[in-house]
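These notes are about the structure you will find just below.
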Amino acid sequence: MQRLVKTLVLVSIILGFSLILTIAPEYFIPGEAVRPLAVFYLSTTFNPWIPHLTVNSPEAVTAIVWDYRGLDTLFETAVFYLALIAGIALARGVSIKAEPGNGVGLTVIVKTVTKITAPMVVSVGASIGLHGHLTPGGGFQGGATIAVIPLIIIVTFSIFFVIGRGVTKEKMLVLRSIGLVGIGLTALAALIVGLALGKTAYVFQNMAKPTSEVSLPAYFNGSLISGTLWFFNLFEMIAVAAGFTIAFLLLTYPEKKEGENT
Amino acid sequence: MISIDFINTYLLSVVVFSLLLNFALSIYGIFYRPHYIKKIIALTVLSDTANTFAIYIGYRRWASGGNTNPRPPVIPTTEITPGVLSEFVARSVDPLPQALVLTAVVIGLAVTIFLVFLGHQLFNHYKTLDMRRIKKLKE
């Protein structure tokens, strides 16, 4: 087995070298044109002249993630949720056994720098998440950025500080559930509006379609929110930030008393 | 005189080769490194390589003799005109691989979180994460 893998690695390196020297410039270099499907996505992502096909979002990637292929992203969120549930189930016996000692955490310099940068990182994360329909970014990226802060505070201050401030596993689980329920409700929003008005509408509908005239507002108070995209990004950001915080909390629980090593 | 087109082709070839090398190295890491954490690191390198390859497939070569560079699939303005839209469609890279990679990154992170928790349980059970020693303990 080991010999086979070793041979495979060697053969793939040699094949890669020969590929680069011979046929790569002809076949493995992208062309000057993109696929017809990409042209469709690019030309309809923010196109006020085709009101029945557009998403009204200048960011084509977010438009694909939450509108054209929204069901994919819903199940991706489900996979993330299930993996975290599996993690919590594996860590079911984990509890804090150590006592908060004196002088826990790093030095005053590190603590002060953390206090200054923490609000900045949170606001940058919120900006990435909530402007996901306008600029590169989105709910997941914003949430992952925000989740850095609990980890830094655990390292610099200690886990007892974080739990003492009310950031417990149970509260984060509630926050995460709120985010997931919000994603579900946003997915059903157009259907609920359609049922209330007695018109045809679909699950995961955002803007008006040729067979359905129900449309969520693309502009709110003069600024572009792209219908459901803003809400999807908001709830995904909450769910991801809370989910990562749960994982970091469970992985950093001190399970041994101070000085105990076995 | 080296043309921009040649440099483009050369650099993109280097990217393809680095991806293949990365792929081989990560497979080596998954199979050969005895430590559980090293295996997880190699797995993330493998998934990142696959993601980079997907993005590379959606890339666009510099057009018209290397003078027009491709752009990210984001319209830089909210006041759109037909001119802005046609220039965007003519120059932007393919957004679909990027959206699929975003999905793959999230699922990869979910799998990594699960594997880390599994490693935590393994360590609690066997008091080691070295696969050679765990194999001996089992027998």
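Ligands are numbered from 1 in the order shown, chains are lettered A, B, ... in the order of the structure tokens, and residues start at 1 in each chain.
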Q.
At a cut-off of 9 Å, using only C-alpha atoms, what residues contact Ala63 in chain A? Leave out same-chain residues fewer than 3 positions from it and give the result as an MDAnalysis selection string.
A. (chainID A and resid 41 45 55:60 66:70 133 226 229) or (chainID B and resid 99)
(Q) Based on only C-alpha atoms, which of the residues in chain A come within 7 Å of chain B? I want them as a PyMOL selection string. (A) chain A and resi 9+12-13+16-17+20+24-25+29-34+38-39+42-43+58-61+64-65+73+76+79-80+83-84+86-87+90-91+135
Selection above as a file: N, CA and C atoms, as a compact mmCIF listing (two decimals), in the first residue's frame:
# COMPACT_ATOMS: atom_id res chain seq x y z
N VAL A 9 2.57 9.16 -6.06
CA VAL A 9 3.02 10.54 -5.85
C VAL A 9 4.13 10.88 -6.84
N SER A 12 2.77 11.20 -10.38
CA SER A 12 1.99 12.42 -10.63
C SER A 12 2.90 13.64 -10.71
N ILE A 13 4.01 13.65 -9.93
CA ILE A 13 4.95 14.78 -10.05
C ILE A 13 5.58 14.79 -11.43
N GLY A 16 3.11 15.84 -13.98
CA GLY A 16 2.86 17.28 -13.90
C GLY A 16 3.94 18.07 -14.60
N PHE A 17 5.19 17.69 -14.36
CA PHE A 17 6.30 18.37 -15.03
C PHE A 17 6.20 18.26 -16.54
N ILE A 20 3.46 20.43 -17.94
CA ILE A 20 3.77 21.86 -17.98
C ILE A 20 4.68 22.17 -19.17
N ALA A 24 0.41 21.96 -21.71
CA ALA A 24 -0.36 22.86 -20.84
C ALA A 24 -0.72 24.18 -21.51
N PRO A 25 0.20 24.85 -22.23
CA PRO A 25 -0.17 26.14 -22.82
C PRO A 25 -1.31 26.04 -23.82
N ILE A 29 -4.90 26.30 -20.30
CA ILE A 29 -4.93 27.73 -20.02
C ILE A 29 -6.33 28.22 -20.37
N PRO A 30 -6.99 28.97 -19.47
CA PRO A 30 -8.35 29.42 -19.77
C PRO A 30 -8.38 30.34 -21.00
N GLY A 31 -9.47 30.28 -21.75
CA GLY A 31 -9.58 31.07 -22.96
C GLY A 31 -10.01 32.50 -22.67
N GLU A 32 -10.16 33.27 -23.77
CA GLU A 32 -10.54 34.68 -23.59
C GLU A 32 -12.03 34.84 -23.39
N ALA A 33 -12.83 33.81 -23.70
CA ALA A 33 -14.28 33.90 -23.52
C ALA A 33 -14.70 32.99 -22.37
N VAL A 34 -15.81 33.34 -21.72
CA VAL A 34 -16.34 32.47 -20.67
C VAL A 34 -17.49 31.65 -21.25
N ALA A 38 -22.11 31.33 -17.92
CA ALA A 38 -21.54 32.46 -17.19
C ALA A 38 -22.00 33.77 -17.81
N VAL A 39 -22.10 33.81 -19.14
CA VAL A 39 -22.56 35.04 -19.79
C VAL A 39 -23.99 35.35 -19.36
N LEU A 42 -23.83 36.67 -15.77
CA LEU A 42 -23.23 38.00 -15.69
C LEU A 42 -24.17 39.05 -16.25
N SER A 43 -24.91 38.70 -17.33
CA SER A 43 -25.72 39.73 -17.97
C SER A 43 -27.07 39.89 -17.28
N PRO A 58 -25.44 43.67 -7.70
CA PRO A 58 -24.23 43.85 -8.52
C PRO A 58 -23.20 42.76 -8.29
N GLU A 59 -23.35 41.95 -7.22
CA GLU A 59 -22.37 40.91 -6.89
C GLU A 59 -22.88 39.59 -7.45
N ALA A 60 -22.27 39.13 -8.56
CA ALA A 60 -22.79 37.94 -9.24
C ALA A 60 -22.65 36.69 -8.39
N VAL A 61 -21.58 36.61 -7.56
CA VAL A 61 -21.38 35.39 -6.78
C VAL A 61 -22.47 35.24 -5.73
N ILE A 64 -25.68 34.17 -7.32
CA ILE A 64 -25.75 32.73 -7.61
C ILE A 64 -25.96 31.96 -6.30
N VAL A 65 -25.20 32.35 -5.26
CA VAL A 65 -25.24 31.58 -4.01
C VAL A 65 -26.62 31.59 -3.38
N THR A 73 -27.25 26.26 -1.39
CA THR A 73 -26.72 26.93 -0.20
C THR A 73 -27.53 26.56 1.03
N GLU A 76 -26.18 23.32 2.04
CA GLU A 76 -24.84 23.52 2.58
C GLU A 76 -24.93 24.01 4.02
N VAL A 79 -25.67 21.07 6.11
CA VAL A 79 -24.49 20.24 6.38
C VAL A 79 -23.66 20.86 7.50
N PHE A 80 -23.46 22.16 7.43
CA PHE A 80 -22.70 22.86 8.47
C PHE A 80 -23.36 22.66 9.83
N ALA A 83 -22.91 19.01 11.04
CA ALA A 83 -21.55 18.74 11.49
C ALA A 83 -21.34 19.31 12.88
N LEU A 84 -21.89 20.51 13.12
CA LEU A 84 -21.72 21.10 14.45
C LEU A 84 -22.51 20.33 15.49
N ALA A 86 -23.09 17.16 15.36
CA ALA A 86 -22.29 15.96 15.61
C ALA A 86 -21.13 16.27 16.54
N GLY A 87 -20.50 17.44 16.34
CA GLY A 87 -19.41 17.85 17.22
C GLY A 87 -19.86 18.02 18.66
N LEU A 90 -20.40 14.65 20.16
CA LEU A 90 -19.15 13.98 20.53
C LEU A 90 -18.56 14.58 21.80
N ALA A 91 -18.81 15.87 22.03
CA ALA A 91 -18.22 16.55 23.19
C ALA A 91 -19.22 16.61 24.33
N THR A 135 -20.61 44.15 -2.51
CA THR A 135 -19.16 44.01 -2.64
C THR A 135 -18.78 42.55 -2.36
Q: Pick out the residues sitting within 6 Å of Leu216 in chain A, and hand them over as a ChimeraX atom specification; count only C-alpha atoms, and ignore anything fewer than 2 positions along from it in its own chain.
A: /A:206-207,227
Write out the residues from the selection above, keeping N, CA and C atoms, as a PDB file, in the first residue's frame.
ATOM      1  N   ASN A 206     -37.140  35.329  -5.272  1.00  0.00           N
ATOM      2  CA  ASN A 206     -36.649  36.633  -4.829  1.00  0.00           C
ATOM      3  C   ASN A 206     -37.354  37.736  -5.609  1.00  0.00           C
ATOM      4  N   MET A 207     -36.985  37.903  -6.879  1.00  0.00           N
ATOM      5  CA  MET A 207     -37.607  38.926  -7.723  1.00  0.00           C
ATOM      6  C   MET A 207     -38.737  38.280  -8.528  1.00  0.00           C
ATOM      7  N   GLY A 227     -33.772  42.409  -2.342  1.00  0.00           N
ATOM      8  CA  GLY A 227     -34.796  41.460  -1.909  1.00  0.00           C
ATOM      9  C   GLY A 227     -34.343  40.591  -0.758  1.00  0.00           C
TER      10      GLY A 227
END
(Q) Which of range 110-260 of chain A end up as strand (DSSP E or B) when DSSP is run on this backbone - answer as a PyMOL selection string? (A) chain A and resi 209+212+219-220+223-224
Q.
Give me the residues near range 195-199 of chain A as a PyMOL selection string, where near means some atom within 12 Å (using only C-alpha atoms) and where sequence neighbours in that chain fewer than 2 positions away do not count.
A. chain A and resi 188-193+201-203+208+211-215
Q: Compare A:Ile152, A:Met172, A:Ile85, A:Leu71 by their minimum atom-to-atom distance to Lys115 in chain A, counting only C-alpha atoms, and give me the closest one.
A: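 For Lys115 in chain A, the nearest of the given residues is A:Ile152.
Atom pair CA of Phe157 in chain A / CA of Thr114 in chain A has a distance of 9.2 Å (rounded to one decimal).
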Q. Could you state the separation of CA of Ile149 in chain A and CA of Ala241 in chain A in Å, given to one decimal place?
A.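 Value for the CA of Ile149 in chain A-CA of Ala241 in chain A distance: 9.6 Å.
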Near Pro119 in chain A, counting only C-alpha atoms, which residues have an atom at most 12 Å away, once you skip same-chain residues fewer than 2 positions from it, shown as an mmCIF file with C-alpha atoms, in the first residue's frame?
data_model
loop_
_atom_site.group_PDB
_atom_site.id
_atom_site.type_symbol
_atom_site.label_atom_id
_atom_site.label_comp_id
_atom_site.auth_asym_id
_atom_site.auth_seq_id
_atom_site.Cartn_x
_atom_site.Cartn_y
_atom_site.Cartn_z
ATOM 1 C CA VAL A 113 -4.699 45.635 22.177
ATOM 2 C CA THR A 114 -7.482 43.035 22.153
ATOM 3 C CA LYS A 115 -9.902 45.541 23.712
ATOM 4 C CA ILE A 116 -9.055 48.090 20.995
ATOM 5 C CA THR A 117 -9.160 45.732 18.013
ATOM 6 C CA VAL A 121 -12.936 43.322 13.816
ATOM 7 C CA VAL A 122 -16.619 42.915 14.660
ATOM 8 C CA SER A 123 -17.547 45.997 12.609
ATOM 9 C CA VAL A 124 -15.415 44.845 9.665
ATOM 10 C CA GLY A 125 -17.114 41.428 9.848
ATOM 11 C CA ALA A 126 -20.565 43.031 9.942
ATOM 12 C CA THR A 145 -14.544 37.073 10.641
ATOM 13 C CA ILE A 146 -16.686 37.893 13.681
ATOM 14 C CA VAL A 148 -12.313 35.273 15.394
ATOM 15 C CA ILE A 149 -13.025 37.614 18.305
ATOM 16 C CA PRO A 150 -14.337 35.024 20.823
ATOM 17 C CA ILE A 153 -10.638 36.740 23.868
#
Q.
If we count only C-alpha atoms and set the cut-off at 10 Å, which residues sit around Thr252 in chain A, ignoring sequence neighbours fewer than 2 positions away in its own chain? Please answer as an NGL selection string.
A. :A and (96 or 151 or 154-155 or 158-159 or 247-250 or 254-255)
Store the residues of this selection in a file with C-alpha atoms, as an mmCIF file, in the first residue's frame.
data_model
loop_
_atom_site.group_PDB
_atom_site.id
_atom_site.type_symbol
_atom_site.label_atom_id
_atom_site.label_comp_id
_atom_site.auth_asym_id
_atom_site.auth_seq_id
_atom_site.Cartn_x
_atom_site.Cartn_y
_atom_site.Cartn_z
ATOM 1 C CA ILE A 96 -15.141 22.735 33.028
ATOM 2 C CA LEU A 151 -11.263 32.892 20.037
ATOM 3 C CA ILE A 154 -10.466 33.109 25.065
ATOM 4 C CA VAL A 155 -6.699 33.106 24.437
ATOM 5 C CA SER A 158 -9.243 33.031 29.550
ATOM 6 C CA ILE A 159 -12.406 31.028 29.048
ATOM 7 C CA ALA A 247 -16.903 24.985 18.547
ATOM 8 C CA PHE A 248 -14.177 27.218 20.033
ATOM 9 C CA LEU A 249 -15.806 27.153 23.489
ATOM 10 C CA LEU A 250 -16.105 23.354 23.530
ATOM 11 C CA PRO A 254 -10.077 23.168 30.560
ATOM 12 C CA GLU A 255 -10.794 19.618 31.669
#
